[in-house]
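Dumped run32.txt below, it's compact mmCIF, C-alpha atoms:
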# COMPACT_ATOMS: atom_id res chain seq x y z
CA MET A 744 38.00 43.91 -27.16
CA SER A 745 40.54 45.72 -24.98
CA LYS A 746 37.79 48.13 -23.94
CA LYS A 747 35.74 45.22 -22.63
CA LYS A 748 38.66 43.97 -20.55
CA SER A 749 39.23 47.48 -19.16
CA ALA A 750 35.57 47.86 -18.33
CA ASP A 751 35.49 44.47 -16.63
CA LYS A 752 38.49 45.43 -14.53
CA ALA A 753 36.88 48.72 -13.51
CA ASP A 754 33.72 46.96 -12.41
CA LYS A 755 35.53 44.58 -10.08
CA PRO A 756 35.92 45.74 -6.53
CA ALA A 757 39.45 46.40 -5.45
CA LYS A 758 40.98 43.81 -3.19
CA ALA A 759 40.66 44.80 0.41
CA GLU A 760 43.92 45.77 1.99
CA LYS A 761 44.89 43.32 4.63
CA THR A 762 45.56 44.84 8.01
CA PRO A 763 48.22 42.88 9.79
CA ILE A 764 46.76 41.12 12.78
CA THR A 765 49.21 40.61 15.56
CA THR A 766 49.02 37.61 17.78
CA HIS A 767 49.77 37.27 21.43
CA ALA A 768 52.38 34.93 22.84
CA ASP A 769 49.58 32.47 23.63
CA GLY A 770 48.50 32.45 19.96
CA ALA A 771 45.31 34.48 20.50
CA PRO A 772 44.69 37.03 17.75
CA GLY A 773 45.22 40.69 18.50
CA ILE A 774 42.36 43.18 18.39
CA ASN A 775 41.44 44.47 14.93
CA ILE A 776 38.00 46.12 15.23
CA GLY A 777 38.66 49.13 13.03
CA LEU A 778 39.99 51.40 15.77
CA SER A 779 43.65 52.14 16.23
CA SER A 780 45.28 50.91 19.41
CA GLY A 781 45.85 54.55 20.42
CA ASP A 782 42.16 55.39 19.99
CA ARG A 783 41.15 52.26 21.87
CA ARG A 784 43.51 53.23 24.71
CA THR A 785 42.23 56.81 24.88
CA ILE A 786 38.59 55.71 24.83
CA SER A 787 39.26 53.02 27.46
CA ASP A 788 40.97 55.56 29.71
CA GLY A 789 37.93 57.84 29.42
CA LEU A 790 35.62 54.92 30.11
CA ALA A 791 37.69 54.03 33.20
CA HIS A 792 37.05 57.56 34.54
CA PHE A 793 33.38 57.22 33.63
CA LEU A 794 33.14 53.81 35.33
CA SER A 795 34.77 55.28 38.43
CA ASP A 796 32.31 58.17 38.53
CA ALA A 797 29.40 55.80 37.92
CA PHE A 798 30.55 53.41 40.66
CA THR A 799 31.08 56.22 43.15
CA LEU A 800 27.62 57.59 42.39
CA TYR A 801 26.15 54.08 42.73
CA LEU A 802 27.79 53.65 46.14
CA LYS A 803 26.64 57.07 47.33
CA THR A 804 23.08 56.43 46.12
CA HIS A 805 22.98 53.03 47.84
CA ASN A 806 24.35 54.56 51.05
CA PHE A 807 21.64 57.22 50.99
CA HIS A 808 18.98 54.56 50.37
CA TRP A 809 20.11 52.83 53.57
CA ASN A 810 20.42 55.98 55.66
CA VAL A 811 17.67 58.38 54.59
CA THR A 812 15.33 59.56 57.36
CA GLY A 813 12.67 62.19 57.82
CA PRO A 814 9.34 63.05 56.25
CA MET A 815 10.56 62.07 52.76
CA PHE A 816 11.77 58.63 53.91
CA ASN A 817 9.38 56.41 51.97
CA ALA A 818 9.54 58.33 48.69
CA LEU A 819 13.33 58.74 48.75
CA HIS A 820 14.04 55.22 50.01
CA THR A 821 12.11 53.86 47.01
CA MET A 822 13.53 56.40 44.54
CA PHE A 823 17.13 55.76 45.63
CA GLU A 824 16.60 52.00 45.31
CA THR A 825 15.34 52.40 41.74
CA GLN A 826 18.32 54.61 40.92
CA TYR A 827 21.04 52.44 42.46
CA THR A 828 19.59 49.29 40.86
CA GLU A 829 19.71 50.90 37.42
CA GLN A 830 23.22 52.21 38.09
CA TRP A 831 24.44 48.79 39.26
CA ASN A 832 23.24 47.13 36.06
CA ALA A 833 24.93 49.80 33.93
CA LEU A 834 28.33 49.28 35.59
CA ASP A 835 28.71 45.90 33.91
CA GLU A 836 28.02 47.36 30.45
CA ILE A 837 30.67 50.03 30.96
CA ALA A 838 33.30 47.59 32.24
CA GLU A 839 32.57 45.16 29.42
CA ARG A 840 33.02 47.93 26.84
CA ILE A 841 36.47 48.64 28.29
CA ARG A 842 37.28 44.91 28.01
CA ALA A 843 35.97 44.77 24.42
CA LEU A 844 38.42 47.56 23.56
CA GLY A 845 41.22 45.40 24.94
CA PHE A 846 41.97 46.90 28.33
CA ASN A 847 41.32 46.03 31.95
CA ALA A 848 38.53 47.81 33.76
CA PRO A 849 39.32 49.39 37.13
CA GLY A 850 37.85 47.36 39.94
CA SER A 851 39.16 48.46 43.32
CA TYR A 852 38.13 51.23 45.67
CA ALA A 853 41.64 52.68 45.35
CA GLU A 854 41.34 52.85 41.56
CA PHE A 855 37.82 54.28 41.68
CA THR A 856 38.89 56.93 44.21
CA ARG A 857 41.88 57.92 42.08
CA LEU A 858 39.89 58.10 38.81
CA SER A 859 36.57 59.56 40.00
CA SER A 860 35.64 63.22 39.78
CA ILE A 861 33.03 62.71 42.52
CA ALA A 862 34.47 63.44 45.94
CA GLU A 863 33.47 61.58 49.04
CA GLU A 864 32.01 63.86 51.69
CA PRO A 865 32.82 62.25 55.04
CA GLY A 866 30.56 62.47 58.03
CA LEU A 867 27.27 62.51 56.19
CA ALA A 868 26.34 58.92 56.98
CA ASP A 869 25.77 59.92 60.62
CA THR A 870 23.38 62.85 60.32
CA ALA A 871 22.82 63.68 56.65
CA ASP A 872 19.60 65.54 56.02
CA TRP A 873 17.55 64.21 53.10
CA ARG A 874 17.97 67.55 51.30
CA GLU A 875 21.75 67.24 51.49
CA MET A 876 21.53 63.69 50.16
CA VAL A 877 19.44 64.83 47.22
CA ARG A 878 21.77 67.79 46.58
CA GLN A 879 24.78 65.48 46.51
CA LEU A 880 23.06 63.10 44.12
CA VAL A 881 22.17 65.98 41.77
CA VAL A 882 25.83 67.07 41.78
CA GLY A 883 26.97 63.46 41.32
CA ASN A 884 24.67 62.77 38.39
CA GLU A 885 25.79 65.98 36.72
CA ALA A 886 29.46 64.99 37.22
CA VAL A 887 28.74 61.65 35.55
CA CYS A 888 27.16 63.57 32.65
CA ARG A 889 30.23 65.76 32.20
CA THR A 890 32.51 62.72 32.13
CA ALA A 891 30.17 60.94 29.68
CA ARG A 892 30.28 63.92 27.32
CA LYS A 893 34.08 63.84 27.25
CA VAL A 894 34.11 60.12 26.47
CA LEU A 895 31.35 60.54 23.89
CA LYS A 896 33.35 63.21 22.03
CA THR A 897 36.52 61.11 22.05
CA ALA A 898 34.63 58.03 20.87
CA ASP A 899 32.77 59.98 18.19
CA ASP A 900 36.01 61.48 16.85
CA ALA A 901 37.44 57.94 16.58
CA GLY A 902 34.31 56.47 14.96
CA ASP A 903 33.57 54.21 17.95
CA ASP A 904 29.79 53.98 17.57
CA PRO A 905 29.19 51.40 20.34
CA THR A 906 30.82 53.67 22.91
CA VAL A 907 28.96 56.71 21.53
CA ASP A 908 25.70 54.77 21.89
CA LEU A 909 26.54 53.68 25.44
CA MET A 910 27.45 57.22 26.50
CA THR A 911 24.30 58.63 24.86
CA GLN A 912 22.15 56.16 26.81
CA ARG A 913 23.93 56.96 30.07
CA LEU A 914 23.62 60.73 29.48
CA ASN A 915 19.89 60.37 28.95
CA ILE A 916 19.49 58.50 32.23
CA HIS A 917 21.74 60.70 34.37
CA GLU A 918 20.36 63.98 33.01
CA LYS A 919 16.81 62.80 33.72
CA THR A 920 17.80 61.61 37.20
CA ALA A 921 19.47 64.94 38.00
CA TRP A 922 16.35 66.79 36.86
CA MET A 923 14.04 64.61 38.97
CA LEU A 924 16.21 64.97 42.06
CA ARG A 925 16.64 68.72 41.56
CA SER A 926 12.86 69.07 41.35
CA LEU A 927 12.59 67.83 44.94
CA LEU A 928 14.64 70.81 46.13
CA GLN A 929 12.75 73.52 44.24
Could you render the structure as structure tokens?
Amino acid sequence: MSKKKSADKADKPAKAEKTPITTHADGAPGINIGLSSGDRRTISDGLAHFLSDAFTLYLKTHNFHWNVTGPMFNALHTMFETQYTEQWNALDEIAERIRALGFNAPGSYAEFTRLSSIAEEPGLADTADWREMVRQLVVGNEAVCRTARKVLKTADDAGDDPTVDLMTQRLNIHEKTAWMLRSLLQ
């Protein structure tokens, strides 16, 4: 009979350890999504850099849509519009992921300028040639890819599958966009 009791005990799942959930002063529960606060912070910081790169690229693409001229006007005006529209919609997903991890998303030009790896190149709005616009957008899309890869690795190491998925989707889009733009210059 003691064997039966031992076997029954072995078959029962162990009680799940309770992770203490902290509460805020306002009574709202703290974040307990299976990622440590340090991992969430590190991933959010990487996403803030990614959001800044993505916003800077969006702004540059929209600027070039407005200001492109020359024999490629119609094709590039349309292509840039498609690209900046897609980029604009993605910005919200990135910012919301930062918020889901428990941190504030950057949202000012000053923050984006400080965090972005994409430099502004002044003076191009006046007389930028379409080839220079395309070149800058290739470089910008590739910069976004490099930042996405860093965030993806950090998120993957922490087991943050939603961020890994988001970065994988963004990489696919920006790599394809860089290829398409680069093809115009070859």
> With all atoms listed in the file as the atoms that count, which of A:Leu800, A:Ala901, A:Ala848, A:Ile837 lies nearest to Ala862 in chain A?
Replying inline: A:Leu800
Please report, as CSV, each residue of range 770-816 of chain A lying at most 12 Å from range 917-929 of chain A, together with the nearest pair of atoms and the separation in Å rounded to one decimal; use only C-alpha atoms, and order rows by chain and ascending residue number.
residue,atom,partner,partner_atom,distance
A:Asp796,CA,A:His917,CA,11.6
A:Ala797,CA,A:His917,CA,9.8
A:Leu800,CA,A:His917,CA,10.4
A:Tyr801,CA,A:His917,CA,11.5
A:Thr804,CA,A:Thr920,CA,11.6
A:Met815,CA,A:Leu927,CA,9.9
> So which residues are close to (21.6, 54.9, 42.9), meaning at most 10 Å away in the file's coordinates with only C-alpha atoms counted, and can you show them as a ChimeraX atom specification?
Replying inline: /A:797-808,822-831,880,884,920
Could you turn the residues from that selection into a file that holds C-alpha atoms, as a PDB file, in the frame of the given file?
ATOM      1  CA  ALA A 797      29.400  55.800  37.920  1.00  0.00           C
ATOM      2  CA  PHE A 798      30.550  53.410  40.660  1.00  0.00           C
ATOM      3  CA  THR A 799      31.080  56.220  43.150  1.00  0.00           C
ATOM      4  CA  LEU A 800      27.620  57.590  42.390  1.00  0.00           C
ATOM      5  CA  TYR A 801      26.150  54.080  42.730  1.00  0.00           C
ATOM      6  CA  LEU A 802      27.790  53.650  46.140  1.00  0.00           C
ATOM      7  CA  LYS A 803      26.640  57.070  47.330  1.00  0.00           C
ATOM      8  CA  THR A 804      23.080  56.430  46.120  1.00  0.00           C
ATOM      9  CA  HIS A 805      22.980  53.030  47.840  1.00  0.00           C
ATOM     10  CA  ASN A 806      24.350  54.560  51.050  1.00  0.00           C
ATOM     11  CA  PHE A 807      21.640  57.220  50.990  1.00  0.00           C
ATOM     12  CA  HIS A 808      18.980  54.560  50.370  1.00  0.00           C
ATOM     13  CA  MET A 822      13.530  56.400  44.540  1.00  0.00           C
ATOM     14  CA  PHE A 823      17.130  55.760  45.630  1.00  0.00           C
ATOM     15  CA  GLU A 824      16.600  52.000  45.310  1.00  0.00           C
ATOM     16  CA  THR A 825      15.340  52.400  41.740  1.00  0.00           C
ATOM     17  CA  GLN A 826      18.320  54.610  40.920  1.00  0.00           C
ATOM     18  CA  TYR A 827      21.040  52.440  42.460  1.00  0.00           C
ATOM     19  CA  THR A 828      19.590  49.290  40.860  1.00  0.00           C
ATOM     20  CA  GLU A 829      19.710  50.900  37.420  1.00  0.00           C
ATOM     21  CA  GLN A 830      23.220  52.210  38.090  1.00  0.00           C
ATOM     22  CA  TRP A 831      24.440  48.790  39.260  1.00  0.00           C
ATOM     23  CA  LEU A 880      23.060  63.100  44.120  1.00  0.00           C
ATOM     24  CA  ASN A 884      24.670  62.770  38.390  1.00  0.00           C
ATOM     25  CA  THR A 920      17.800  61.610  37.200  1.00  0.00           C
TER      26      THR A 920
END
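Straight-line separation from CA of Ala891 in chain A to CA of Leu914 in chain A: 6.6 Å.
Near range 909-913 of chain A, within 6 Å and counting all atoms listed in the file, sit A:Ala891, A:Leu895, A:Thr906, A:Ile916; same-chain residues fewer than 3 positions away were not included.
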Axis-aligned box for all listed atoms of range 795-808 of chain A, 8 Å per side, centre and edges in Å to one decimal, as lines of an AutoDock Vina configuration file:
center_x = 26.9
center_y = 55.6
center_z = 44.5
size_x = 31.8
size_y = 21.1
size_z = 29.1
> Which polymer residues have any atom within 12 Å of an atom of Ser851 in chain A, counting all atoms listed in the file, with same-chain residues fewer than 3 positions away left out, as a PyMOL selection string?
Replying inline: chain A and resi 791+794-795+798-799+847-848+854-859
>> Give me, as a PyMOL selection string, all polymer residues having an atom no more than 8 Å from Leu790 in chain A, counting all atoms listed in the file and skipping those fewer than 6 positions away in the same chain.
In response: chain A and resi 837-838+841+894
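A straight line drawn from CA of Gly902 in chain A to CA of Asp835 in chain A is 22.4 Å long.
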>> Just the number, please: distance in Å from CA of Met876 in chain A to CA of Gly813 in chain A, one decimal.
In response: 11.8 Å
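Nearest residue to Ala818 in chain A, choosing from A:Val882, A:Ala898, A:Val877, A:Val887 and counting only C-alpha atoms: A:Val877.
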>> Could you list, as a PyMOL selection string, every residue within 10 Å of Ile776 in chain A, counting all atoms listed in the file and ignoring same-chain residues fewer than 4 positions away?
In response: chain A and resi 780+783+843-844+903
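Among A:Asp908, A:Glu863, A:Ala853, A:Thr897, the residue with the shortest atom-to-atom distance to Gly781 in chain A, counting only C-alpha atoms, is A:Thr897.
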> Between A:Trp873, A:Asp904, A:Gly789, A:Arg892, which has the minimum distance to Trp809 in chain A (counting only C-alpha atoms)?
Replying inline: A:Trp873
Output as a PDB file, in the coordinates of the input: range 781-802 of chain A, completed with N, CA, C and O atoms.
ATOM      1  N   GLY A 781      45.822  53.278  19.681  1.00  0.00           N
ATOM      2  CA  GLY A 781      45.850  54.550  20.420  1.00  0.00           C
ATOM      3  C   GLY A 781      44.457  55.058  20.728  1.00  0.00           C
ATOM      4  O   GLY A 781      44.192  55.524  21.844  1.00  0.00           O
ATOM      5  N   ASP A 782      43.542  54.978  19.748  1.00  0.00           N
ATOM      6  CA  ASP A 782      42.160  55.390  19.990  1.00  0.00           C
ATOM      7  C   ASP A 782      41.493  54.487  21.018  1.00  0.00           C
ATOM      8  O   ASP A 782      40.789  54.965  21.914  1.00  0.00           O
ATOM      9  N   ARG A 783      41.723  53.180  20.895  1.00  0.00           N
ATOM     10  CA  ARG A 783      41.150  52.260  21.870  1.00  0.00           C
ATOM     11  C   ARG A 783      41.649  52.571  23.273  1.00  0.00           C
ATOM     12  O   ARG A 783      40.882  52.561  24.232  1.00  0.00           O
ATOM     13  N   ARG A 784      42.920  52.888  23.408  1.00  0.00           N
ATOM     14  CA  ARG A 784      43.510  53.230  24.710  1.00  0.00           C
ATOM     15  C   ARG A 784      42.883  54.505  25.272  1.00  0.00           C
ATOM     16  O   ARG A 784      42.483  54.557  26.427  1.00  0.00           O
ATOM     17  N   THR A 785      42.786  55.536  24.437  1.00  0.00           N
ATOM     18  CA  THR A 785      42.230  56.810  24.880  1.00  0.00           C
ATOM     19  C   THR A 785      40.771  56.664  25.299  1.00  0.00           C
ATOM     20  O   THR A 785      40.349  57.185  26.345  1.00  0.00           O
ATOM     21  N   ILE A 786      40.000  55.934  24.508  1.00  0.00           N
ATOM     22  CA  ILE A 786      38.590  55.710  24.830  1.00  0.00           C
ATOM     23  C   ILE A 786      38.476  54.895  26.119  1.00  0.00           C
ATOM     24  O   ILE A 786      37.671  55.210  26.999  1.00  0.00           O
ATOM     25  N   SER A 787      39.289  53.861  26.255  1.00  0.00           N
ATOM     26  CA  SER A 787      39.260  53.020  27.460  1.00  0.00           C
ATOM     27  C   SER A 787      39.628  53.819  28.697  1.00  0.00           C
ATOM     28  O   SER A 787      39.022  53.639  29.764  1.00  0.00           O
ATOM     29  N   ASP A 788      40.605  54.707  28.573  1.00  0.00           N
ATOM     30  CA  ASP A 788      40.970  55.560  29.710  1.00  0.00           C
ATOM     31  C   ASP A 788      39.791  56.449  30.116  1.00  0.00           C
ATOM     32  O   ASP A 788      39.492  56.605  31.301  1.00  0.00           O
ATOM     33  N   GLY A 789      39.113  57.025  29.124  1.00  0.00           N
ATOM     34  CA  GLY A 789      37.930  57.840  29.420  1.00  0.00           C
ATOM     35  C   GLY A 789      36.834  57.014  30.055  1.00  0.00           C
ATOM     36  O   GLY A 789      36.180  57.451  31.010  1.00  0.00           O
ATOM     37  N   LEU A 790      36.629  55.802  29.534  1.00  0.00           N
ATOM     38  CA  LEU A 790      35.620  54.920  30.110  1.00  0.00           C
ATOM     39  C   LEU A 790      35.978  54.510  31.541  1.00  0.00           C
ATOM     40  O   LEU A 790      35.089  54.323  32.374  1.00  0.00           O
ATOM     41  N   ALA A 791      37.269  54.364  31.833  1.00  0.00           N
ATOM     42  CA  ALA A 791      37.690  54.030  33.200  1.00  0.00           C
ATOM     43  C   ALA A 791      37.306  55.168  34.153  1.00  0.00           C
ATOM     44  O   ALA A 791      36.836  54.919  35.278  1.00  0.00           O
ATOM     45  N   HIS A 792      37.471  56.411  33.725  1.00  0.00           N
ATOM     46  CA  HIS A 792      37.050  57.560  34.540  1.00  0.00           C
ATOM     47  C   HIS A 792      35.524  57.557  34.682  1.00  0.00           C
ATOM     48  O   HIS A 792      35.000  57.805  35.772  1.00  0.00           O
ATOM     49  N   PHE A 793      34.841  57.266  33.580  1.00  0.00           N
ATOM     50  CA  PHE A 793      33.380  57.220  33.630  1.00  0.00           C
ATOM     51  C   PHE A 793      32.902  56.110  34.564  1.00  0.00           C
ATOM     52  O   PHE A 793      31.993  56.315  35.370  1.00  0.00           O
ATOM     53  N   LEU A 794      33.504  54.929  34.455  1.00  0.00           N
ATOM     54  CA  LEU A 794      33.140  53.810  35.330  1.00  0.00           C
ATOM     55  C   LEU A 794      33.373  54.179  36.797  1.00  0.00           C
ATOM     56  O   LEU A 794      32.555  53.862  37.662  1.00  0.00           O
ATOM     57  N   SER A 795      34.462  54.864  37.059  1.00  0.00           N
ATOM     58  CA  SER A 795      34.770  55.280  38.430  1.00  0.00           C
ATOM     59  C   SER A 795      33.748  56.276  38.957  1.00  0.00           C
ATOM     60  O   SER A 795      33.298  56.172  40.109  1.00  0.00           O
ATOM     61  N   ASP A 796      33.369  57.236  38.130  1.00  0.00           N
ATOM     62  CA  ASP A 796      32.310  58.170  38.530  1.00  0.00           C
ATOM     63  C   ASP A 796      30.999  57.434  38.753  1.00  0.00           C
ATOM     64  O   ASP A 796      30.301  57.671  39.744  1.00  0.00           O
ATOM     65  N   ALA A 797      30.661  56.533  37.828  1.00  0.00           N
ATOM     66  CA  ALA A 797      29.400  55.800  37.920  1.00  0.00           C
ATOM     67  C   ALA A 797      29.375  54.913  39.165  1.00  0.00           C
ATOM     68  O   ALA A 797      28.352  54.825  39.856  1.00  0.00           O
ATOM     69  N   PHE A 798      30.499  54.258  39.480  1.00  0.00           N
ATOM     70  CA  PHE A 798      30.550  53.410  40.660  1.00  0.00           C
ATOM     71  C   PHE A 798      30.450  54.234  41.935  1.00  0.00           C
ATOM     72  O   PHE A 798      29.739  53.867  42.874  1.00  0.00           O
ATOM     73  N   THR A 799      31.136  55.349  41.971  1.00  0.00           N
ATOM     74  CA  THR A 799      31.080  56.220  43.150  1.00  0.00           C
ATOM     75  C   THR A 799      29.670  56.745  43.358  1.00  0.00           C
ATOM     76  O   THR A 799      29.172  56.772  44.494  1.00  0.00           O
ATOM     77  N   LEU A 800      28.998  57.132  42.285  1.00  0.00           N
ATOM     78  CA  LEU A 800      27.620  57.590  42.390  1.00  0.00           C
ATOM     79  C   LEU A 800      26.702  56.442  42.837  1.00  0.00           C
ATOM     80  O   LEU A 800      25.822  56.646  43.686  1.00  0.00           O
ATOM     81  N   TYR A 801      26.925  55.252  42.295  1.00  0.00           N
ATOM     82  CA  TYR A 801      26.150  54.080  42.730  1.00  0.00           C
ATOM     83  C   TYR A 801      26.288  53.878  44.244  1.00  0.00           C
ATOM     84  O   TYR A 801      25.309  53.706  44.956  1.00  0.00           O
ATOM     85  N   LEU A 802      27.534  53.896  44.719  1.00  0.00           N
ATOM     86  CA  LEU A 802      27.790  53.650  46.140  1.00  0.00           C
ATOM     87  C   LEU A 802      27.136  54.717  47.011  1.00  0.00           C
ATOM     88  O   LEU A 802      26.521  54.417  48.043  1.00  0.00           O
TER      89      LEU A 802
END
